[in-house]
>>> print(open('data_5.txt').read())   # compact mmCIF, C-alpha atoms
# COMPACT_ATOMS: atom_id res chain seq x y z
CA MET O 1 9.05 14.84 -100.62
CA GLU O 2 11.82 17.41 -100.22
CA LEU O 3 10.85 20.98 -99.41
CA SER O 4 13.30 22.27 -102.02
CA PHE O 5 11.36 20.46 -104.77
CA LEU O 6 8.06 21.93 -103.56
CA TYR O 7 9.58 25.42 -103.47
CA HIS O 8 11.42 25.42 -106.79
CA GLY O 9 8.77 23.40 -108.61
CA PHE O 10 5.57 24.90 -107.23
CA GLY O 11 6.56 27.96 -105.18
CA ILE O 12 5.50 26.40 -101.86
CA ASP O 13 7.55 27.94 -99.05
CA ARG O 14 8.43 26.81 -95.52
CA SER O 15 5.13 28.03 -94.07
CA TYR O 16 3.59 24.74 -95.28
CA HIS O 17 4.58 21.19 -94.36
CA TYR O 18 4.28 18.23 -96.73
CA ASN O 19 2.21 15.34 -95.31
CA ALA O 20 1.47 12.80 -98.03
CA THR O 21 0.73 12.12 -101.71
CA GLU O 22 -2.45 10.53 -103.01
CA TYR O 23 -3.10 9.20 -106.53
CA LYS O 24 -6.71 9.36 -107.69
CA ASP O 25 -8.36 9.31 -111.16
CA LYS O 26 -5.11 10.08 -113.00
CA SER O 27 -4.49 13.01 -110.65
CA ILE O 28 -1.73 13.62 -108.13
CA ILE O 29 -2.88 15.15 -104.84
CA LEU O 30 -0.21 16.65 -102.61
CA LYS O 31 -1.40 17.02 -99.02
CA LEU O 32 0.05 20.03 -97.20
CA LYS O 33 -0.56 21.60 -93.81
CA SER O 34 0.16 25.16 -92.72
CA ILE O 35 2.67 25.46 -89.90
CA ALA O 36 1.14 27.32 -86.97
CA SER O 37 3.10 30.47 -86.21
CA GLU O 38 4.16 31.27 -82.66
CA LYS O 39 3.42 34.98 -83.10
CA VAL O 40 0.22 35.90 -84.91
CA THR O 41 -1.16 39.40 -85.30
CA CYS O 42 -4.85 40.06 -85.86
CA PRO O 43 -5.29 41.71 -89.31
CA ASN O 44 -8.40 43.52 -88.00
CA CYS O 45 -7.20 45.23 -84.81
CA GLY O 46 -3.47 44.47 -84.68
CA SER O 47 -3.66 42.60 -81.38
CA THR O 48 -1.26 39.73 -80.68
CA ASP O 49 -3.70 38.07 -78.25
CA VAL O 50 -4.65 35.42 -80.79
CA ILE O 51 -5.48 31.73 -80.31
CA ARG O 52 -5.79 28.78 -82.70
CA TYR O 53 -9.34 28.21 -83.89
CA GLY O 54 -9.47 24.93 -85.81
CA VAL O 55 -8.57 24.32 -89.45
CA ILE O 56 -10.22 24.42 -92.87
CA GLN O 57 -9.60 22.33 -95.98
CA ARG O 58 -8.94 23.77 -99.43
CA THR O 59 -8.09 22.05 -102.71
CA ILE O 60 -6.51 24.10 -105.48
CA HIS O 61 -5.16 23.41 -108.96
CA ASN O 62 -1.40 23.19 -109.30
CA LEU O 63 1.05 22.81 -112.20
CA PRO O 64 0.67 19.41 -113.89
CA ILE O 65 3.40 16.78 -113.51
CA GLY O 66 3.87 15.29 -116.95
CA SER O 67 0.42 14.33 -118.23
CA ASN O 68 -1.01 14.06 -114.71
CA ARG O 69 -3.13 16.80 -113.23
CA THR O 70 -1.93 17.97 -109.83
CA HIS O 71 -3.88 19.38 -106.91
CA LEU O 72 -2.83 20.76 -103.55
CA ASN O 73 -4.99 19.63 -100.65
CA LEU O 74 -4.36 22.24 -97.96
CA THR O 75 -5.08 22.06 -94.26
CA VAL O 76 -5.10 25.73 -93.30
CA GLN O 77 -4.84 26.91 -89.68
CA ARG O 78 -7.50 29.34 -88.46
CA TYR O 79 -7.06 31.90 -85.67
CA GLN O 80 -9.37 33.93 -83.46
CA CYS O 81 -8.50 37.26 -81.91
CA LYS O 82 -9.49 37.41 -78.22
CA SER O 83 -9.56 41.22 -78.35
CA CYS O 84 -12.02 41.81 -81.22
CA GLY O 85 -13.35 38.29 -81.76
CA LYS O 86 -12.52 38.23 -85.49
CA VAL O 87 -11.51 34.94 -87.10
CA HIS O 88 -8.91 34.70 -89.86
CA GLN O 89 -6.84 31.97 -91.49
CA ALA O 90 -3.14 31.49 -92.11
CA ASP O 91 -1.77 33.11 -95.24
CA ILE O 92 -1.42 31.01 -98.41
CA PRO O 93 1.55 32.68 -100.15
CA PHE O 94 1.27 30.72 -103.41
CA THR O 95 -2.27 31.84 -104.24
CA HIS O 96 -4.59 34.77 -103.53
CA GLY O 97 -8.13 35.32 -102.29
CA ASN O 98 -10.60 32.52 -102.87
CA VAL O 99 -9.35 31.41 -106.28
CA SER O 100 -8.86 27.67 -106.82
CA TYR O 101 -5.40 27.72 -108.44
CA THR O 102 -1.82 28.68 -107.61
CA TYR O 103 0.04 31.66 -109.05
CA ARG O 104 2.19 29.37 -111.18
CA PHE O 105 -0.86 27.54 -112.53
CA GLY O 106 -2.29 30.88 -113.63
CA ARG O 107 0.98 31.87 -115.32
CA TYR O 108 1.08 28.50 -117.09
CA ILE O 109 -2.36 29.17 -118.54
CA LEU O 110 -1.21 32.57 -119.81
CA ASP O 111 1.87 30.97 -121.40
CA LEU O 112 -0.36 28.51 -123.28
CA LEU O 113 -2.60 31.35 -124.49
CA ARG O 114 0.43 33.35 -125.69
CA MET O 115 1.40 30.42 -127.91
CA GLY O 116 -1.93 30.75 -129.70
CA THR O 117 -3.82 27.99 -127.89
CA THR O 118 -7.53 28.75 -127.62
CA ILE O 119 -9.30 29.12 -124.30
CA THR O 120 -11.31 25.97 -125.02
CA ASP O 121 -8.20 23.90 -125.80
CA VAL O 122 -6.39 25.13 -122.67
CA ALA O 123 -9.39 24.20 -120.53
CA LYS O 124 -9.55 20.70 -122.04
CA HIS O 125 -5.79 20.18 -121.71
CA LEU O 126 -5.74 21.09 -118.02
CA GLY O 127 -9.13 19.60 -117.13
CA VAL O 128 -10.56 22.87 -115.81
CA GLY O 129 -13.61 24.95 -116.65
CA TRP O 130 -13.67 27.34 -119.61
CA ASP O 131 -14.75 30.12 -117.25
CA MET O 132 -11.61 29.70 -115.11
CA VAL O 133 -9.30 30.11 -118.10
CA LYS O 134 -11.27 33.10 -119.36
CA ASP O 135 -11.24 34.77 -115.92
CA ILE O 136 -7.46 34.34 -115.61
CA HIS O 137 -7.00 35.88 -119.06
CA LYS O 138 -9.40 38.74 -118.24
CA HIS O 139 -7.54 39.54 -115.03
CA TYR O 140 -4.24 39.61 -116.91
CA LEU O 141 -5.59 41.88 -119.65
CA ARG O 142 -7.09 44.27 -117.11
CA SER O 143 -3.86 44.54 -115.11
CA LYS O 144 -1.63 44.98 -118.15
CA TYR O 145 -3.71 46.91 -120.68
CA SER O 146 -6.23 48.98 -118.71
CA HIS O 147 -4.11 52.10 -119.23
CA PRO O 148 -1.74 51.38 -122.15
CA ASP O 149 1.03 53.83 -123.01
CA ILE O 150 0.73 54.53 -126.75
CA SER O 151 2.84 57.69 -126.76
CA LYS O 152 5.68 55.94 -128.63
CA VAL O 153 3.51 54.06 -131.12
CA SER O 154 4.25 55.30 -134.65
CA ARG O 155 2.57 52.67 -136.83
CA ILE O 156 -0.06 49.97 -136.50
CA ALA O 157 -0.14 47.04 -138.91
CA GLY O 158 -3.57 46.15 -140.26
CA GLU O 159 -3.21 42.45 -139.49
CA GLN O 160 -2.10 43.15 -135.92
CA LEU O 161 -5.04 45.51 -135.44
CA ARG O 162 -7.55 42.94 -136.62
CA CYS O 163 -5.90 40.16 -134.56
CA TRP O 164 -6.07 42.28 -131.40
CA CYS O 165 -9.73 43.10 -132.05
CA GLU O 166 -10.63 39.44 -132.53
CA ARG O 167 -8.99 38.43 -129.24
CA ALA O 168 -10.59 41.37 -127.42
CA VAL O 169 -14.06 40.33 -128.64
CA GLU O 170 -13.37 36.69 -127.71
CA ASN O 171 -12.70 37.63 -124.08
CA GLU O 172 -16.06 39.44 -123.79
CA LEU O 173 -14.85 42.36 -121.65
CA PRO O 174 -17.54 44.99 -122.40
CA ALA O 175 -15.14 47.94 -122.54
CA MET O 176 -12.65 46.10 -124.76
CA VAL O 177 -15.40 44.74 -127.03
CA LYS O 178 -16.68 48.29 -127.51
CA VAL O 179 -13.19 49.56 -128.41
CA ALA O 180 -12.61 46.60 -130.75
CA ASN O 181 -15.89 47.14 -132.59
CA THR O 182 -15.11 50.85 -133.02
CA LEU O 183 -11.63 50.09 -134.39
CA LEU O 184 -12.99 47.49 -136.80
CA ALA O 185 -15.67 49.89 -138.06
CA LYS O 186 -13.12 52.68 -138.60
CA GLN O 187 -10.10 50.58 -139.59
CA THR O 188 -10.02 51.74 -143.22
CA GLY O 189 -9.68 55.37 -142.22
CA ILE O 190 -7.30 54.60 -139.35
CA LEU O 191 -4.89 52.62 -141.52
CA ALA O 192 -5.18 55.08 -144.42
CA TRP O 193 -3.66 57.83 -142.28
CA TYR O 194 -0.38 55.91 -142.00
CA ASP O 195 -0.14 55.82 -145.79
CA CYS O 196 -1.33 59.33 -146.66
CA LYS O 197 -0.59 61.30 -143.49
CA VAL O 198 -3.75 63.31 -144.18
CA THR O 199 -6.34 64.04 -141.49
CA ASN O 200 -9.53 66.08 -141.31
CA ALA O 201 -8.97 66.95 -137.64
CA ILE O 202 -8.40 70.66 -138.41
CA LEU O 203 -11.60 70.82 -140.47
CA GLU O 204 -13.58 69.05 -137.75
CA GLY O 205 -12.18 71.42 -135.16
CA THR O 206 -13.13 74.44 -137.26
CA ASN O 207 -16.67 73.11 -137.72
CA ASN O 208 -17.05 72.67 -133.96
CA LYS O 209 -15.91 76.24 -133.35
CA VAL O 210 -18.43 77.54 -135.92
CA LYS O 211 -21.21 75.59 -134.20
CA VAL O 212 -20.25 77.07 -130.81
CA ILE O 213 -20.29 80.61 -132.27
CA ASN O 214 -23.70 80.02 -133.89
CA ARG O 215 -25.17 78.87 -130.56
CA LYS O 216 -24.15 82.18 -128.99
>>> encode(input="data_5.txt", output="structure tokens")
Amino acid sequence: MELSFLYHGFGIDRSYHYNATEYKDKSIILKLKSIASEKVTCPNCGSTDVIRYGVIQRTIHNLPIGSNRTHLNLTVQRYQCKSCGKVHQADIPFTHGNVSYTYRFGRYILDLLRMGTTITDVAKHLGVGWDMVKDIHKHYLRSKYSHPDISKVSRIAGEQLRCWCERAVENELPAMVKVANTLLAKQTGILAWYDCKVTNAILEGTNNKVKVINRK
């Protein structure tokens, strides 16, 4: 298999070498091996006195090819630092941490969710667990909407508000569920402001000042 196909199709760069393809249970398994680098630096102490220290195997979900599920079976080189004794493994640039899917697989899941596909349907379509799809969606929502900029928002449509609240509750993030429940409970008053442009904020502020004066 050509390296250019692996790179443009799956984001696999030249740090990994293609070994073989296996077909099993309607799945395509691409076997790859990390290419040992001549110069390795210890991420713990910065020493370059590093030796090879065996390999580990990892299998991660990859973008499907047609209707076939695809997995990457990785043989990852491990290294040991002779200065501090720490052991680390070669970088896997097309995924992160200990997750069992590639970056592009995660983005594909988000694309399916944006089209209105439910978490359950996405999980069934890709043959993965419901929890994996939910966790990918949660991570995306946290990174994109943890601190939203609403300074330029001038109007909120009732249907959009309710739709957002439903999806926030579905994802079970405690903070977002709390916000969604508050918005749903107060939606009549919130949406009425955009029609009447009347608020009791000044009255509430005055009441608070009176209470502070009374306490003194």
>>> atom_distance(input="data_5.txt", atom1="atom CA of Asp13 of chain O", atom2="atom CA of Gln80 of chain O")
23.8 Å
>>> closest_residue(input="data_5.txt", among="O:Ser100, O:Gln77, O:Ser27, O:Thr117", to="Val55 of chain O", atoms="all atoms listed in the file")
O:Gln77
>>> residues_near_point(input="data_5.txt", point="(-6.8, 24.3, -104.2)", cutoff="6 Å", atoms="only C-alpha atoms", output="PDB file with C-alpha atoms, keeping the file's coordinate frame")
ATOM      1  CA  ARG O  58      -8.940  23.770 -99.430  1.00  0.00           C
ATOM      2  CA  THR O  59      -8.090  22.050-102.710  1.00  0.00           C
ATOM      3  CA  ILE O  60      -6.510  24.100-105.480  1.00  0.00           C
ATOM      4  CA  HIS O  61      -5.160  23.410-108.960  1.00  0.00           C
ATOM      5  CA  LEU O  72      -2.830  20.760-103.550  1.00  0.00           C
ATOM      6  CA  SER O 100      -8.860  27.670-106.820  1.00  0.00           C
ATOM      7  CA  TYR O 101      -5.400  27.720-108.440  1.00  0.00           C
TER       8      TYR O 101
END
>>> atom_distance(input="data_5.txt", atom1="atom CA of Thr206 of chain O", atom2="atom CA of Gln187 of chain O")
24.2 Å
>>> build_atoms(input="data_5.txt", residues="segment 84-95 of chain O", atoms="all heavy atoms", output="mmCIF file, keeping the file's coordinate frame")
data_model
loop_
_atom_site.group_PDB
_atom_site.id
_atom_site.type_symbol
_atom_site.label_atom_id
_atom_site.label_comp_id
_atom_site.auth_asym_id
_atom_site.auth_seq_id
_atom_site.Cartn_x
_atom_site.Cartn_y
_atom_site.Cartn_z
ATOM 1 N N CYS O 84 -10.874 41.341 -80.408
ATOM 2 C CA CYS O 84 -12.020 41.810 -81.220
ATOM 3 C C CYS O 84 -12.938 40.673 -81.651
ATOM 4 O O CYS O 84 -14.022 40.923 -82.184
ATOM 5 C CB CYS O 84 -11.525 42.578 -82.444
ATOM 6 S SG CYS O 84 -10.636 41.558 -83.657
ATOM 7 N N GLY O 85 -12.506 39.429 -81.439
ATOM 8 C CA GLY O 85 -13.350 38.290 -81.760
ATOM 9 C C GLY O 85 -13.310 37.857 -83.224
ATOM 10 O O GLY O 85 -13.951 36.876 -83.607
ATOM 11 N N LYS O 86 -12.571 38.565 -84.071
ATOM 12 C CA LYS O 86 -12.520 38.230 -85.490
ATOM 13 C C LYS O 86 -11.729 36.940 -85.717
ATOM 14 O O LYS O 86 -10.768 36.645 -85.013
ATOM 15 C CB LYS O 86 -11.873 39.368 -86.279
ATOM 16 C CG LYS O 86 -12.690 40.660 -86.299
ATOM 17 C CD LYS O 86 -13.977 40.479 -87.094
ATOM 18 C CE LYS O 86 -14.748 41.798 -87.180
ATOM 19 N NZ LYS O 86 -15.992 41.648 -87.978
ATOM 20 N N VAL O 87 -12.169 36.186 -86.734
ATOM 21 C CA VAL O 87 -11.510 34.940 -87.100
ATOM 22 C C VAL O 87 -10.844 35.101 -88.464
ATOM 23 O O VAL O 87 -11.438 35.665 -89.390
ATOM 24 C CB VAL O 87 -12.525 33.771 -87.157
ATOM 25 C CG1 VAL O 87 -11.842 32.486 -87.626
ATOM 26 C CG2 VAL O 87 -13.174 33.562 -85.784
ATOM 27 N N HIS O 88 -9.605 34.664 -88.576
ATOM 28 C CA HIS O 88 -8.910 34.700 -89.860
ATOM 29 C C HIS O 88 -8.099 33.422 -90.029
ATOM 30 O O HIS O 88 -7.942 32.646 -89.085
ATOM 31 C CB HIS O 88 -8.015 35.933 -89.976
ATOM 32 C CG HIS O 88 -6.811 35.907 -89.080
ATOM 33 N ND1 HIS O 88 -6.864 36.221 -87.730
ATOM 34 C CD2 HIS O 88 -5.514 35.580 -89.334
ATOM 35 C CE1 HIS O 88 -5.665 36.110 -87.196
ATOM 36 N NE2 HIS O 88 -4.827 35.719 -88.143
ATOM 37 N N GLN O 89 -7.612 33.192 -91.223
ATOM 38 C CA GLN O 89 -6.840 31.970 -91.490
ATOM 39 C C GLN O 89 -5.406 32.312 -91.842
ATOM 40 O O GLN O 89 -5.083 33.457 -92.168
ATOM 41 C CB GLN O 89 -7.472 31.180 -92.633
ATOM 42 C CG GLN O 89 -7.393 31.869 -93.981
ATOM 43 C CD GLN O 89 -8.035 31.027 -95.079
ATOM 44 O OE1 GLN O 89 -9.119 30.495 -94.908
ATOM 45 N NE2 GLN O 89 -7.355 30.928 -96.207
ATOM 46 N N ALA O 90 -4.546 31.306 -91.771
ATOM 47 C CA ALA O 90 -3.140 31.490 -92.110
ATOM 48 C C ALA O 90 -3.009 31.878 -93.577
ATOM 49 O O ALA O 90 -3.824 31.478 -94.421
ATOM 50 C CB ALA O 90 -2.358 30.215 -91.825
ATOM 51 N N ASP O 91 -2.003 32.658 -93.876
ATOM 52 C CA ASP O 91 -1.770 33.110 -95.240
ATOM 53 C C ASP O 91 -1.397 31.929 -96.144
ATOM 54 O O ASP O 91 -0.755 30.970 -95.702
ATOM 55 C CB ASP O 91 -0.652 34.155 -95.261
ATOM 56 C CG ASP O 91 -0.425 34.717 -96.652
ATOM 57 O OD1 ASP O 91 -1.414 34.928 -97.371
ATOM 58 O OD2 ASP O 91 0.747 34.927 -97.016
ATOM 59 N N ILE O 92 -1.821 32.000 -97.405
ATOM 60 C CA ILE O 92 -1.420 31.010 -98.410
ATOM 61 C C ILE O 92 -0.603 31.778 -99.456
ATOM 62 O O ILE O 92 -1.171 32.388 -100.372
ATOM 63 C CB ILE O 92 -2.632 30.330 -99.068
ATOM 64 C CG1 ILE O 92 -3.551 29.744 -98.002
ATOM 65 C CG2 ILE O 92 -2.173 29.244 -100.031
ATOM 66 C CD1 ILE O 92 -4.818 29.112 -98.557
ATOM 67 N N PRO O 93 0.718 31.806 -99.324
ATOM 68 C CA PRO O 93 1.550 32.680 -100.150
ATOM 69 C C PRO O 93 1.620 32.317 -101.628
ATOM 70 O O PRO O 93 2.079 33.124 -102.429
ATOM 71 C CB PRO O 93 2.929 32.568 -99.496
ATOM 72 C CG PRO O 93 2.914 31.258 -98.795
ATOM 73 C CD PRO O 93 1.504 31.059 -98.330
ATOM 74 N N PHE O 94 1.167 31.119 -102.002
ATOM 75 C CA PHE O 94 1.270 30.720 -103.410
ATOM 76 C C PHE O 94 -0.052 30.833 -104.157
ATOM 77 O O PHE O 94 -0.201 30.344 -105.256
ATOM 78 C CB PHE O 94 1.822 29.289 -103.529
ATOM 79 C CG PHE O 94 1.299 28.340 -102.479
ATOM 80 C CD1 PHE O 94 0.134 27.634 -102.688
ATOM 81 C CD2 PHE O 94 1.981 28.174 -101.285
ATOM 82 C CE1 PHE O 94 -0.353 26.767 -101.735
ATOM 83 C CE2 PHE O 94 1.505 27.296 -100.310
ATOM 84 C CZ PHE O 94 0.327 26.593 -100.534
ATOM 85 N N THR O 95 -1.029 31.505 -103.550
ATOM 86 C CA THR O 95 -2.270 31.840 -104.240
ATOM 87 C C THR O 95 -2.825 33.110 -103.626
ATOM 88 O O THR O 95 -2.192 33.728 -102.767
ATOM 89 C CB THR O 95 -3.301 30.692 -104.140
ATOM 90 O OG1 THR O 95 -4.428 30.994 -104.978
ATOM 91 C CG2 THR O 95 -3.780 30.500 -102.719
#
